[in-house]
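Q: Here you go, query_13.cif (mmCIF, C-alpha atoms):
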data_run
#
loop_
_atom_site.label_atom_id
_atom_site.label_comp_id
_atom_site.auth_asym_id
_atom_site.auth_seq_id
_atom_site.Cartn_x
_atom_site.Cartn_y
_atom_site.Cartn_z
CA MET A 7 0.00 0.00 0.00
CA PRO A 8 1.52 3.38 -1.01
CA PRO A 9 2.21 5.90 1.77
CA THR A 10 -0.32 8.66 2.41
CA THR A 11 2.31 11.13 3.67
CA ARG A 12 6.09 11.52 3.36
CA GLY A 13 8.78 12.25 5.88
CA GLU A 14 11.33 15.05 5.50
CA PRO A 15 11.43 16.73 2.05
CA GLU A 16 15.18 16.03 1.88
CA SER A 17 14.44 12.31 1.79
CA ARG A 18 12.08 12.56 -1.15
CA SER A 19 13.56 10.99 -4.28
CA ASP A 20 13.09 12.38 -7.77
CA GLN A 21 10.59 9.62 -8.48
CA ASP A 22 8.74 10.43 -5.24
CA TRP A 23 8.33 14.01 -6.39
CA ILE A 24 6.92 12.91 -9.74
CA ASN A 25 4.63 10.31 -8.21
CA ASP A 26 3.33 12.60 -5.50
CA LEU A 27 2.83 15.65 -7.72
CA SER A 28 1.00 13.45 -10.22
CA ALA A 29 -1.16 11.84 -7.52
CA SER A 30 -4.21 13.23 -5.79
CA GLY A 31 -5.16 13.73 -2.17
CA PRO A 32 -2.84 14.40 0.79
CA LEU A 33 0.35 13.20 -0.90
CA ARG A 34 -0.09 15.70 -3.72
CA GLU A 35 -1.00 18.51 -1.35
CA GLN A 36 2.02 17.78 0.81
CA ALA A 37 4.30 17.65 -2.25
CA LEU A 38 2.93 20.95 -3.57
CA THR A 39 3.44 22.63 -0.20
CA GLU A 40 6.98 21.30 0.14
CA LEU A 41 7.97 22.13 -3.42
CA ARG A 42 6.61 25.64 -3.03
CA ALA A 43 8.75 26.06 0.11
CA VAL A 44 11.81 24.81 -1.81
CA LEU A 45 11.15 27.28 -4.62
CA VAL A 46 10.66 30.21 -2.24
CA ALA A 47 13.83 29.37 -0.27
CA GLY A 48 15.90 28.95 -3.45
CA LEU A 49 14.62 32.14 -5.03
CA ALA A 50 15.07 34.14 -1.81
CA ARG A 51 18.67 32.95 -1.60
CA SER A 52 19.49 33.85 -5.21
CA LEU A 53 17.63 37.19 -5.20
CA ARG A 54 18.88 38.39 -1.84
CA ARG A 55 17.51 41.91 -2.13
CA PHE A 56 13.95 40.55 -2.10
CA PRO A 57 12.52 39.19 1.19
CA ASN A 58 10.82 35.77 1.20
CA ASP A 59 7.39 37.34 1.44
CA SER A 60 7.89 39.82 -1.41
CA PRO A 61 5.31 39.63 -4.20
CA LEU A 62 8.04 38.82 -6.76
CA ILE A 63 9.18 35.74 -4.86
CA GLN A 64 5.73 34.55 -3.81
CA ASP A 65 4.14 35.11 -7.23
CA SER A 66 7.10 33.59 -9.10
CA ALA A 67 6.99 30.50 -6.88
CA GLN A 68 3.27 30.09 -7.49
CA ASP A 69 3.58 30.60 -11.27
CA ALA A 70 6.52 28.20 -11.41
CA LEU A 71 4.62 25.60 -9.40
CA VAL A 72 1.82 25.64 -11.98
CA LEU A 73 4.36 25.34 -14.82
CA ILE A 74 6.23 22.50 -13.11
CA VAL A 75 3.07 20.46 -12.56
CA SER A 76 1.87 21.05 -16.12
CA ARG A 77 5.28 20.15 -17.59
CA ILE A 78 6.13 17.28 -15.29
CA GLN A 79 6.04 14.82 -18.18
CA THR A 80 8.88 16.76 -19.86
CA TYR A 81 11.24 16.15 -16.91
CA ARG A 82 13.80 13.78 -18.43
CA GLY A 83 15.52 12.68 -15.26
CA ASP A 84 18.99 13.84 -16.37
CA SER A 85 19.12 16.20 -13.38
CA ARG A 86 17.77 16.16 -9.84
CA PHE A 87 14.09 17.01 -9.86
CA VAL A 88 14.61 19.91 -7.48
CA THR A 89 17.34 21.40 -9.69
CA TRP A 90 14.96 21.21 -12.64
CA ALA A 91 12.21 22.89 -10.61
CA LEU A 92 14.57 25.63 -9.40
CA SER A 93 15.69 26.33 -12.97
CA ILE A 94 12.06 27.02 -13.84
CA VAL A 95 11.39 29.36 -10.92
CA ILE A 96 14.60 31.29 -11.64
CA ARG A 97 13.54 31.81 -15.24
CA VAL A 98 10.02 32.86 -14.20
CA ALA A 99 11.34 35.43 -11.70
CA LEU A 100 14.02 36.80 -14.03
CA SER A 101 11.56 37.10 -16.89
CA GLU A 102 9.24 39.10 -14.66
CA MET A 103 12.06 41.36 -13.45
CA ARG A 104 13.23 41.95 -17.02
CA ARG A 105 9.68 42.56 -18.23
CA ALA A 106 9.13 45.19 -15.54
CA ARG A 107 12.47 46.86 -16.30
CA TRP A 108 11.95 47.04 -20.09
CA LYS A 109 8.16 47.33 -20.42
CA ASP A 110 8.18 50.93 -21.61
CA VAL A 111 11.15 50.65 -23.97
CA SER A 112 10.45 50.37 -27.70
CA LEU A 113 12.44 48.26 -30.14
CA ASP A 114 13.78 51.45 -31.76
CA GLU A 115 15.09 52.63 -28.40
CA MET A 116 16.61 49.22 -27.69
CA SER A 117 18.31 49.22 -31.08
CA GLU A 118 19.53 52.80 -30.73
CA ALA A 119 21.13 51.97 -27.37
CA GLY A 120 23.44 49.49 -29.10
CA ARG A 121 24.26 51.55 -32.19
CA ILE A 122 27.95 52.19 -32.74
CA PRO A 123 28.26 55.96 -33.18
CA PRO A 124 29.97 57.52 -36.23
CA PRO A 125 33.72 58.13 -36.04
CA VAL A 126 34.72 61.06 -33.87
CA SER A 127 35.71 64.28 -35.63
CA GLU A 128 39.35 65.34 -35.93
CA ALA A 129 38.69 68.01 -33.32
CA SER A 130 37.76 65.38 -30.77
CA PRO A 131 40.22 64.87 -27.94
CA VAL A 132 39.57 61.13 -28.10
CA ASN A 133 42.62 59.37 -29.44
CA VAL A 134 41.55 56.61 -31.77
CA SER A 135 44.26 54.83 -33.69
CA TYR A 136 44.02 54.84 -37.47
CA GLU A 137 43.63 51.08 -37.67
CA ARG A 138 41.02 51.04 -34.95
CA SER A 139 38.95 53.70 -36.68
CA GLN A 140 39.22 51.71 -39.94
CA LEU A 141 38.04 48.56 -38.20
CA MET A 142 35.20 50.49 -36.63
CA GLU A 143 34.17 51.74 -40.05
CA VAL A 144 34.21 48.22 -41.50
CA VAL A 145 31.98 47.00 -38.67
CA ARG A 146 29.63 49.97 -38.94
CA ASN A 147 29.30 49.48 -42.71
CA ALA A 148 28.68 45.76 -42.22
CA ILE A 149 25.93 46.47 -39.69
CA GLU A 150 24.31 49.00 -42.04
CA ASN A 151 24.69 47.14 -45.33
CA ASP A 152 25.05 43.41 -44.67
CA LEU A 153 22.32 42.85 -42.11
CA THR A 154 18.58 42.72 -42.62
CA PRO A 155 16.65 45.36 -40.64
CA LYS A 156 15.52 42.69 -38.14
CA GLN A 157 19.05 41.35 -37.72
CA ARG A 158 20.33 44.90 -37.21
CA ASP A 159 17.69 45.72 -34.61
CA ALA A 160 18.23 42.44 -32.75
CA ILE A 161 22.03 42.68 -32.70
CA GLN A 162 22.07 46.35 -31.72
CA ALA A 163 19.46 45.76 -29.02
CA GLU A 164 21.61 42.94 -27.65
CA LEU A 165 24.68 45.20 -27.77
CA GLY A 166 22.65 47.80 -25.87
CA GLY A 167 22.05 45.29 -23.08
CA THR A 168 18.43 44.34 -23.76
CA PRO A 169 17.53 40.82 -22.54
CA PRO A 170 16.60 38.38 -25.31
CA ASP A 171 13.08 37.80 -23.93
CA GLU A 172 12.30 41.46 -24.42
CA ILE A 173 13.85 41.69 -27.90
CA ALA A 174 11.96 38.57 -28.93
CA LYS A 175 8.67 40.01 -27.68
CA ARG A 176 9.16 43.22 -29.65
CA LEU A 177 9.96 41.21 -32.77
CA GLY A 178 6.98 38.91 -32.24
CA THR A 179 9.14 35.80 -31.93
CA ASN A 180 10.65 33.51 -29.27
CA ARG A 181 14.13 33.25 -27.79
CA ASN A 182 15.26 30.36 -29.97
CA ALA A 183 14.10 32.03 -33.19
CA LEU A 184 15.77 35.24 -32.02
CA TYR A 185 18.99 33.35 -31.41
CA LYS A 186 18.85 31.99 -34.99
CA LEU A 187 18.21 35.51 -36.34
CA VAL A 188 21.19 36.89 -34.42
CA TYR A 189 23.34 33.87 -35.37
CA ASP A 190 22.71 34.47 -39.08
CA GLY A 191 23.55 38.14 -38.57
CA ARG A 192 26.79 37.23 -36.78
CA VAL A 193 27.75 35.01 -39.72
CA ARG A 194 27.14 37.90 -42.13
CA LEU A 195 29.19 40.30 -40.00
CA ARG A 196 32.06 37.82 -39.80
CA GLN A 197 32.02 37.35 -43.57
CA ALA A 198 31.97 41.11 -44.15
CA ILE A 199 34.89 41.70 -41.78
CA LEU A 200 36.98 38.93 -43.37
CA ARG A 201 36.02 40.14 -46.87
CA ALA A 202 37.37 43.58 -45.98
CA GLY A 203 40.78 41.97 -45.49
CA TRP A 204 40.90 41.70 -41.70
CA SER A 205 42.33 38.50 -40.23
CA GLU A 206 41.42 37.30 -36.75
CA ASP A 207 44.99 37.91 -35.55
CA HIS A 208 45.00 41.42 -36.97
CA ILE A 209 41.69 42.23 -35.28
CA ARG A 210 42.93 40.85 -31.97
CA GLY A 211 46.04 42.99 -32.23
CA VAL A 212 44.07 46.16 -32.93
CA LEU A 213 41.56 45.49 -30.15
CA ASN A 214 44.38 44.81 -27.70
CA GLY A 215 46.12 48.02 -28.76
CA LYS A 216 49.17 46.25 -30.24
CA MET B 18 37.30 51.63 -22.08
CA SER B 19 34.79 53.98 -23.73
CA GLU B 20 31.24 52.85 -24.43
CA THR B 21 31.95 52.88 -28.15
CA ASP B 22 35.04 50.70 -27.68
CA ALA B 23 33.04 48.30 -25.55
CA LYS B 24 30.36 48.00 -28.23
CA LEU B 25 32.97 47.56 -30.96
CA ASN B 26 34.68 44.80 -28.98
CA ALA B 27 31.34 43.16 -28.26
CA VAL B 28 30.09 43.17 -31.84
CA ILE B 29 33.41 41.87 -33.18
CA GLY B 30 33.36 39.21 -30.47
CA MET B 31 29.84 38.24 -31.53
CA ALA B 32 30.89 37.98 -35.17
CA MET B 33 34.23 36.24 -34.80
CA SER B 34 33.08 33.70 -32.21
CA VAL B 35 30.52 32.10 -34.54
CA LEU B 36 30.75 28.30 -34.41
CA PRO B 37 29.38 25.93 -37.07
CA GLU B 38 27.03 24.46 -34.48
CA GLU B 39 25.53 26.43 -31.62
CA ILE B 40 22.44 26.11 -29.49
CA GLY B 41 19.97 28.88 -28.68
CA CYS B 42 18.74 30.12 -25.32
CA ASP B 43 15.73 27.79 -25.12
CA ASP B 44 17.77 24.71 -26.08
CA CYS B 45 20.36 25.77 -23.52
CA PHE B 46 17.63 26.04 -20.89
CA ASP B 47 16.48 22.48 -21.61
CA TYR B 48 19.86 21.21 -20.35
CA PHE B 49 20.42 23.86 -17.72
CA ALA B 50 19.50 21.74 -14.70
CA ALA B 51 21.67 18.80 -15.79
CA TYR B 52 24.57 21.17 -16.46
CA ALA B 53 24.14 22.82 -13.04
CA ASP B 54 24.10 19.41 -11.31
CA HIS B 55 27.38 18.45 -13.00
CA LEU B 56 28.97 21.75 -11.93
CA THR B 57 27.75 21.32 -8.37
CA ASN B 58 28.77 17.68 -8.11
CA GLY B 59 32.13 18.31 -9.77
CA THR B 60 31.47 15.52 -12.25
CA PRO B 61 32.74 15.87 -15.84
CA VAL B 62 30.27 17.53 -18.18
CA PRO B 63 29.32 14.95 -20.83
CA GLU B 64 29.75 15.79 -24.51
CA PRO B 65 26.12 16.73 -25.31
CA LEU B 66 26.19 19.31 -22.52
CA ARG B 67 29.38 20.97 -23.73
CA MET B 68 27.29 23.10 -26.09
CA VAL B 69 25.62 24.59 -23.01
CA GLY B 70 29.04 25.79 -21.88
CA SER B 71 29.75 27.31 -25.30
CA HIS B 72 26.40 29.07 -25.27
CA LEU B 73 27.02 30.46 -21.78
CA GLU B 74 30.33 31.95 -22.92
CA ARG B 75 28.52 34.26 -25.28
CA CYS B 76 25.09 34.75 -23.65
CA ALA B 77 25.28 36.95 -20.57
CA PHE B 78 21.58 36.47 -19.90
CA CYS B 79 21.72 32.67 -19.73
CA MET B 80 24.90 32.99 -17.65
CA GLU B 81 23.00 35.21 -15.21
CA GLU B 82 20.29 32.53 -14.97
CA LEU B 83 22.87 29.83 -14.31
CA GLU B 84 24.57 31.87 -11.58
CA LEU B 85 21.22 32.45 -9.85
CA LEU B 86 20.33 28.77 -10.18
CA LEU B 87 23.64 27.70 -8.61
CA GLU B 88 22.96 30.09 -5.74
CA ALA B 89 19.39 28.84 -5.31
CA MET B 90 20.68 25.26 -5.11
CA LYS B 91 22.70 26.21 -2.03
CA ALA B 92 19.47 26.89 -0.12
CA ARG B 93 18.98 23.13 0.35
#
Please lay out the structure from this file as structure tokens.

A:
Amino acid sequence: MPPTTRGEPESRSDQDWINDLSASGPLREQALTELRAVLVAGLARSLRRFPNDSPLIQDSAQDALVLIVSRIQTYRGDSRFVTWALSIVIRVALSEMRRARWKDVSLDEMSEAGRIPPPVSEASPVNVSYERSQLMEVVRNAIENDLTPKQRDAIQAELGGTPPDEIAKRLGTNRNALYKLVYDGRVRLRQAILRAGWSEDHIRGVLNGK
Amino acid sequence: MSETDAKLNAVIGMAMSVLPEEIGCDDCFDYFAAYADHLTNGTPVPEPLRMVGSHLERCAFCMEELELLLEAMKAR
């Protein structure tokens, strides 16, 4: 006869978690309560500036709990169950923090934040070596002429420090598709830089000021 | 380093670090927990998970998630 309650959460095996969260009655309720406590404790430790009872931590734990239960069949067993669950609550909380931080920023503003400005004028006190300014011009031209508008916006937004979730939302896509878009853009930039006659060693030397 | 220099370095790094095979953020996330367990246990990262490491080298956002996950794991 299966148990109706468990002992300490620490003693619960990965399979126990799956069985109990998939069950009904007291075992499931106990597992949900314990997993929620694990998520809150983990999140509170990683996001130290938020107290355990802050809305971010409590809401993220609750949202993650729902996701975990609904996705339990996708748990492959190649990690501890609790690690898998914590990875989900971390992503939920970070996504919410990033959403709040970037909610009023448009794609144009994100892209502008990462734009490499034109070369400084001769009157500028900034000392830019001739080779460095040439390399900068090659890169700027490649961004302007070799990328599609979407690739340019995505790469510049990433350079400006925008999280991928937020870029993806503005572009109406997901993180994986965004990664592919940026990857293809990176390939084009690399080709353009090499086509302009720059070798990897030469670039490294210029960037390192040699 | 000026902001312009930092951007120039970053965009050149993005371009020149392209590998023939890479994984995206969502694929990386699928193996995140297994990768974190290997790091925590000190066991060698098996070949299929090496691409997670490569992704983390160039994705500051996934790296931030991993760092927070490793910290969260210490709560137990």

Q: For chain B, report every residue with an atom at most 6 Å from chain A (counting only C-alpha atoms), formatted as an MDAnalysis selection string.

A: chainID B and resid 32:33 41:43 50:51 85:86 88:89 92

Q: Determine the nearest neighbour of A:Val72 from the options A:Arg55, A:Gly178, A:Leu187, A:Leu38, counting all atoms listed in the file.

A: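 Among A:Arg55, A:Gly178, A:Leu187, A:Leu38, it is A:Leu38 that comes nearest to A:Val72.
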
Q: Rounded to one decimal, what separation in Å do you get between atom CA of A:Met116 and atom CA of B:Glu38?

A: 27.7 Å

Q: Can you tell me which residues surround A:Gln79 at a distance of at most 10 Å, considering all atoms listed in the file, apart from same-chain residues fewer than 5 positions away, and format the answer as a PyMOL selection string?

A: chain A and resi 24+28+74

Q: Export C-alpha atoms of the chosen residues as a PDB file, in the frame of the given file?

A:
ATOM      1  CA  ILE A  24       6.920  12.910  -9.740  1.00  0.00           C
ATOM      2  CA  SER A  28       1.000  13.450 -10.220  1.00  0.00           C
ATOM      3  CA  ILE A  74       6.230  22.500 -13.110  1.00  0.00           C
TER       4      ILE A  74
END

Q: Counting only C-alpha atoms, which residue out of A:Arg34, A:Arg18, A:Lys156, A:Arg201 sits closest to A:Ser117?

A: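 Result for the nearest residue to A:Ser117: A:Lys156.
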
Q: Work out how far apart atom CA of A:Ala174 and atom CA of B:Asp47 are and give it in Å to one decimal.

A: 18.2 Å

Q: So how many Å separate atom CA of B:Ile40 and atom CA of B:Val69, to one decimal?

A: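 Taking atom CA of B:Ile40 as the start and atom CA of B:Val69 as the end point, the length is 7.4 Å.
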
Q: Show which residues sit within 10 Å of stretch 110-112 of chain A, as a ChimeraX atom specification. Count only C-alpha atoms, and ignore same-chain residues fewer than 6 positions away.

A: /A:118,168,172-173,176

Q: When you count only C-alpha atoms, which of these residues is closest to B:Gly70: B:Val28, B:Val35, B:Leu56, B:Ala23?

A: B:Leu56

Q: Box for stretch 53-63 of chain B - axis-aligned, 3 Å on each of the six sides, all listed atoms - centre and size in Å to one decimal, as AutoDock Vina command-line options.

A:
--center_x 28.4 --center_y 18.9 --center_z -14.5 --size_x 14.6 --size_y 13.9 --size_z 18.7

Q: Considering all atoms listed in the file, can you say which of A:Ala106, A:Val144, A:Leu153, A:Ile63 comes closest to A:Ala202?

A: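 Nearest to A:Ala202: A:Val144.
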
Q: From the options A:Ser139, A:Thr179, A:Thr154, A:Asn147, which residue's atoms come nearest to A:Val212, counting all atoms listed in the file?

A: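 Of the candidates, the smallest distance to A:Val212 is held by A:Ser139.
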